[in-house]
Amino acid sequence: MLSTAWIETVTSNRISKSAHITGSDRIIISGNSTIHPGVILRGDVELLPSQSNPTANPTTIMLGKYCYLKQDASITPPVIKRAEDKVWHGPVNIGAYTVIGTNSIIKSANIGNRVIIEDECVLNNLSIVYDCCIIRQGTIIPEKFVIPPYSEVKGTPGKDFTITNLNPGYKSLIELEAKQLQILGN
Amino acid sequence: MTYIYNDSNIYSSSHIVRDPNDLDLSNIYPLADLYFCPTCQQPKSIQQCQYHIISKYCSNCLVDYTEKIHLKRCTKTCFECPRCEAIISINIVNHALNGKSFIFTCNYCPFQFETSVIEKPKSLHSIINQERSEREDFHDKLFNQLKKTFENQYDNNNETDTNTNSPLDELKLKNLNLTTLSSPTPIVTTGETNFKIDQKTDDITPRLNSIKFDSSSPLHHSNTYSSWQVNRRRFPLAKQLSIKYSLRCLTCNTKLLQPTIIRDSPSLHKFTIKLSAVDYLPIIKVTKYKTNVYLLNFINPLPSKCVITLSTTAQIPSQFINPPTSNKSIDVTIPINKFIIGPNINKSFIKNIPTALLTKNTSASLAELVSRKKSLQNSNVRMSTTSSQLQQFEEEEEEEIDFPKLEDKGSNWYTIPIHIAISQLRNATIKLPLHIKIKTELPSSFKSKEITAASITPPQKLSFKYWNIIELDSAI
């Protein structure tokens, strides 16, 4: 990694200058996170105004600490309402120690802590992934689907989609994996 | 280096093996999938544990179903697609005379289901059950016929059982001991009567033939997924429940896993007891140093130092070589077979990474690598990571290959070299069976009274041994 191609912040975030980040004032990155070249973060979407508090904080994407976004991953806040010519989105929260693989597309409402999403995965609109999950390579998660905690998910719905229990030992391993990726790189 | 995609697996079975030729490769598991029993002092796979469901909940609506023992699916309005298991959206259509119908639409595939018009309030489940009974097709009829036939068969068998009650109990006990499996037609002698077990009892072909099927409805789909093309009426399914479970060792009944039950937040997973093997057994990472020379990096997860003794066969058994070889032998040399790894108490994460695994991809890793190499060379010069110094270091490193100095150690890790003589074998994948013996102090978490059964006294020290199967890269 050439230092000229990267921005390093005071909170030890490393962000590639080739990453496509829009609406950066509405994106929160907690610290020790890495964003690789080609990553798309769509922070400039219009949020559905909250009825109780219309002036609430308009954060669209929130990344926890030690998040690792690999090359060409894409994060778009989920669509929660469509009108004739307008689309409103909701915020997306991604927990700490989460790794998102190359070419993965994320449109989830929430991704928990200690989650590994391998390469080429698609997490459709408003899906929810709870803590400590592994989404295997090429998995497609349908719209509004909820992945329970400690699950391993693989396959395509209608073909070979399976959810199995994950051993609790993976909790510490996923955390170590995310920390190590931040320190050692790919 | 990665912790999740591990190239080191552990043999876990109740059958103790001393010779690597006797290792059953179907009993090999990744370290992360195993538990550790402090009483037996052995890694335990899920097959060696007793499983007990503690809590049940719907992951979609988060309703707790723990007290409803026989329920397996959500009874609220959570439905999944019968074709792809995706969540189903429900829309209501109003009709005349206050009638309503419900449209179930899958969010992923083209599945759609519309109920008939309902005029009296009913639950969605009872509406679907009613529709199912009204629209019974060939497959449902077949299933119901089979179910009835087998239920009758079961009842008849039960009647026979009650007539010959006491001798058959002994028969069941003997069968549980698997003492008669070797006999082609097992005969169990009870002392009073001889019972011949009819092996053809489970053959369903005659019974299937006796059932008269409707000839206009052929059976033409063979598996679940080909049913996309089958023109068959399918009904929305209630969402399957998620569970929390506890585990106990089958040998000594020690609790290995006990989830904490937190009311009103069923999706929150915390554990009162969690004896995962990753927290007690060293993690072994393999790095290739050069042709035929590998580095084994042992990382200690325990807060106390441990003594490790390694042993293996002089030649790797043929079952661990792919493609298998009969005439070629692969010799293994481990120059160091006993060493001490320090405790895992250093809070600096980078200090806990073996030098062989450090990369030049990030400035932090590169700085640590330079620092360790320089300290190894007994340099007193204060290090910094300026580009000129790094370049100088990289040039020096390319020339430096010193086999005897490959042994290395840090705060909680130890690196040893191994030499594999495979000069005549090319493009082979080799698994190295390594017998590991570990001696260490008992972690404080094991002293908890909750873990061990009252009748069993926990050991004072940990001393255990196991087989670790290390997958080496394609050897050249």
# chains A, B, ... in the order shown; residues from 1 in each chain; ligands from 1
>>> interface_residues(of="chain B", to="chain A", cutoff="8 Å", atoms="only C-alpha atoms", output="PDB file with C-alpha atoms, in the first residue's frame")
ATOM      1  CA  THR B   2      -6.126 -15.554   8.721  1.00  0.00           C
ATOM      2  CA  TYR B   3      -7.829 -17.015  11.749  1.00  0.00           C
ATOM      3  CA  ILE B   4     -11.105 -18.018  10.106  1.00  0.00           C
ATOM      4  CA  ALA B  32     -13.058 -22.924  15.878  1.00  0.00           C
ATOM      5  CA  ASP B  33     -15.712 -25.669  15.644  1.00  0.00           C
ATOM      6  CA  LEU B  34     -14.537 -27.462  18.777  1.00  0.00           C
ATOM      7  CA  SER B  59     -35.765 -14.023  14.491  1.00  0.00           C
ATOM      8  CA  ASN B  60     -38.211 -11.974  12.431  1.00  0.00           C
ATOM      9  CA  ARG B  83     -39.789 -22.055  -2.764  1.00  0.00           C
ATOM     10  CA  CYS B  84     -36.895 -19.851  -1.646  1.00  0.00           C
ATOM     11  CA  GLU B  85     -37.385 -19.279   2.123  1.00  0.00           C
ATOM     12  CA  ALA B  86     -37.436 -15.504   1.664  1.00  0.00           C
ATOM     13  CA  ILE B  87     -39.739 -13.367   3.789  1.00  0.00           C
ATOM     14  CA  ASN B 107     -39.837 -10.551  -1.776  1.00  0.00           C
ATOM     15  CA  TYR B 108     -37.344 -12.527  -3.832  1.00  0.00           C
ATOM     16  CA  TYR B 225     -35.317 -27.237  -6.208  1.00  0.00           C
ATOM     17  CA  SER B 242     -34.248 -19.848  15.961  1.00  0.00           C
ATOM     18  CA  SER B 267     -31.772 -11.997  19.820  1.00  0.00           C
ATOM     19  CA  LEU B 268     -29.037 -11.006  22.295  1.00  0.00           C
ATOM     20  CA  HIS B 269     -26.535 -13.854  22.570  1.00  0.00           C
ATOM     21  CA  LYS B 274     -18.345 -20.862  26.954  1.00  0.00           C
ATOM     22  CA  SER B 276     -14.509 -22.984  23.093  1.00  0.00           C
ATOM     23  CA  ALA B 277     -11.312 -24.734  22.066  1.00  0.00           C
ATOM     24  CA  VAL B 278      -9.925 -21.519  20.512  1.00  0.00           C
ATOM     25  CA  ASP B 279      -9.598 -20.044  23.990  1.00  0.00           C
ATOM     26  CA  ILE B 350       0.799  -6.283  17.070  1.00  0.00           C
ATOM     27  CA  LEU B 358       4.056  -9.678   9.540  1.00  0.00           C
ATOM     28  CA  THR B 359       3.690  -8.063   6.119  1.00  0.00           C
ATOM     29  CA  LYS B 360       4.926  -4.933   4.378  1.00  0.00           C
ATOM     30  CA  ASN B 361       1.389  -3.884   3.377  1.00  0.00           C
ATOM     31  CA  THR B 362       0.838  -1.311   6.116  1.00  0.00           C
ATOM     32  CA  ALA B 364       2.372  -0.301  11.285  1.00  0.00           C
ATOM     33  CA  SER B 365       3.252  -3.834  10.236  1.00  0.00           C
TER      34      SER B 365
END
>>> residues_around(residues="segment 296-308 of chain B", least_positions_apart="5", cutoff="6 Å", atoms="only C-alpha atoms", output="ChimeraX atom specification")
/B:279-280,282-286,338-345,412-416,437-440
>>> write_last_selection(atoms="C-alpha atoms", output="short mmCIF file (atom, residue, chain, number, x, y, z; two decimals), in the first residue's frame")
data_model
loop_
_atom_site.label_atom_id
_atom_site.label_comp_id
_atom_site.auth_asym_id
_atom_site.auth_seq_id
_atom_site.Cartn_x
_atom_site.Cartn_y
_atom_site.Cartn_z
CA ASP B 279 -9.60 -20.04 23.99
CA TYR B 280 -7.50 -22.94 25.33
CA PRO B 282 -2.79 -22.93 20.67
CA ILE B 283 -3.53 -21.62 17.20
CA ILE B 284 -1.05 -22.99 14.66
CA LYS B 285 -0.32 -21.00 11.52
CA VAL B 286 1.86 -22.32 8.72
CA LYS B 338 9.89 -29.07 23.17
CA PHE B 339 9.48 -25.38 23.94
CA ILE B 340 7.70 -22.94 26.26
CA ILE B 341 5.28 -20.29 24.98
CA GLY B 342 4.72 -17.20 27.09
CA PRO B 343 1.32 -16.07 28.41
CA ASN B 344 -1.14 -13.99 26.42
CA ILE B 345 -1.01 -10.89 28.61
CA ASN B 412 2.85 -15.39 23.45
CA TRP B 413 4.11 -17.07 20.29
CA TYR B 414 6.85 -19.40 19.16
CA THR B 415 8.02 -20.18 15.63
CA ILE B 416 9.78 -23.40 14.70
CA LYS B 437 1.24 -32.41 24.28
CA ILE B 438 0.46 -29.35 26.38
CA LYS B 439 1.11 -28.67 30.05
CA THR B 440 -0.15 -25.48 31.64
#
>>> select_by_dssp(residues="segment 54-105 of chain A", states="strand (DSSP E)", output="list in words")
Ile61, Met62, Leu63, Tyr68, Leu69, Ser74, Ile75, Val79, Ile80, Lys81, Arg82, Val87, Trp88, His89, Val92, Asn93, Ile94, Val99, Ile100 and Ile105 of chain A
>>> atom_distance(atom1="atom CA of Lys44 of chain B", atom2="atom CA of Cys249 of chain B")
7.6 Å
>>> closest_residue(among="B:Pro236, B:Glu151, B:Lys270, B:Cys81", to="Phe102 of chain B", atoms="only C-alpha atoms")
B:Pro236
>>> atom_distance(atom1="atom CA of Arg114 of chain A", atom2="atom CA of Thr254 of chain B")
28.2 Å
>>> atom_distance(atom1="atom CA of Leu31 of chain B", atom2="atom CA of Glu368 of chain B")
28.0 Å
>>> residues_around(residues="Ile94 of chain A", least_positions_apart="3", cutoff="9 Å", atoms="only C-alpha atoms", output="PyMOL selection string")
chain A and resi 61-64+67+98+109-113
>>> residues_around(residues="segment 62-69 of chain B", least_positions_apart="4", cutoff="7 Å", atoms="only C-alpha atoms", output="list in words")
Ser55, Lys56, Tyr57, Cys58, Pro266 and Ser267 of chain B
>>> closest_residue(among="A:Gly101, A:Pro77, A:Gly138, A:Pro58", to="Ile35 of chain A", atoms="only C-alpha atoms")
A:Gly101
>>> closest_residue(among="A:Thr76, A:Thr164, A:Ser30, A:Thr59", to="Arg136 of chain A", atoms="only C-alpha atoms")
A:Thr164
>>> residues_around(residues="Ser18 of chain A", least_positions_apart="4", cutoff="8 Å", atoms="only C-alpha atoms", output="NGL selection string")
:A and (5 or 36-39)
>>> residues_around(residues="Lys288 of chain B", least_positions_apart="4", cutoff="10 Å", atoms="only C-alpha atoms", output="MDAnalysis selection string")
chainID B and resid 292:296 356 417:418 472:473 475
>>> write_last_selection(atoms="C-alpha atoms", output="mmCIF file, in the first residue's frame")
data_model
loop_
_atom_site.group_PDB
_atom_site.id
_atom_site.type_symbol
_atom_site.label_atom_id
_atom_site.label_comp_id
_atom_site.auth_asym_id
_atom_site.auth_seq_id
_atom_site.Cartn_x
_atom_site.Cartn_y
_atom_site.Cartn_z
ATOM 1 C CA ASN B 292 10.625 -27.833 1.525
ATOM 2 C CA VAL B 293 10.965 -25.557 4.575
ATOM 3 C CA TYR B 294 7.904 -24.429 6.488
ATOM 4 C CA LEU B 295 7.518 -22.352 9.635
ATOM 5 C CA LEU B 296 5.017 -23.445 12.271
ATOM 6 C CA ALA B 356 6.836 -14.649 10.080
ATOM 7 C CA PRO B 417 10.981 -24.581 11.297
ATOM 8 C CA ILE B 418 10.157 -27.987 9.821
ATOM 9 C CA LEU B 472 0.760 -27.713 3.940
ATOM 10 C CA ASP B 473 0.540 -25.858 0.625
ATOM 11 C CA ALA B 475 4.578 -28.839 -2.186
#
>>> residues_around(residues="Thr333 of chain B", least_positions_apart="3", cutoff="8 Å", atoms="only C-alpha atoms", output="PyMOL selection string")
chain B and resi 314+418-420
>>> write_last_selection(atoms="N, CA and C atoms", output="short mmCIF file (atom, residue, chain, number, x, y, z; two decimals), in the first residue's frame")
data_model
loop_
_atom_site.label_atom_id
_atom_site.label_comp_id
_atom_site.auth_asym_id
_atom_site.auth_seq_id
_atom_site.Cartn_x
_atom_site.Cartn_y
_atom_site.Cartn_z
N ALA B 314 8.40 -40.26 11.42
CA ALA B 314 9.52 -39.85 10.57
C ALA B 314 9.08 -39.71 9.11
N ILE B 418 10.20 -26.55 10.10
CA ILE B 418 10.16 -27.99 9.82
C ILE B 418 10.66 -28.20 8.40
N HIS B 419 11.31 -29.32 8.21
CA HIS B 419 11.84 -29.63 6.87
C HIS B 419 11.13 -30.86 6.34
N ILE B 420 10.63 -30.76 5.12
CA ILE B 420 9.91 -31.88 4.50
C ILE B 420 10.70 -32.28 3.25
#
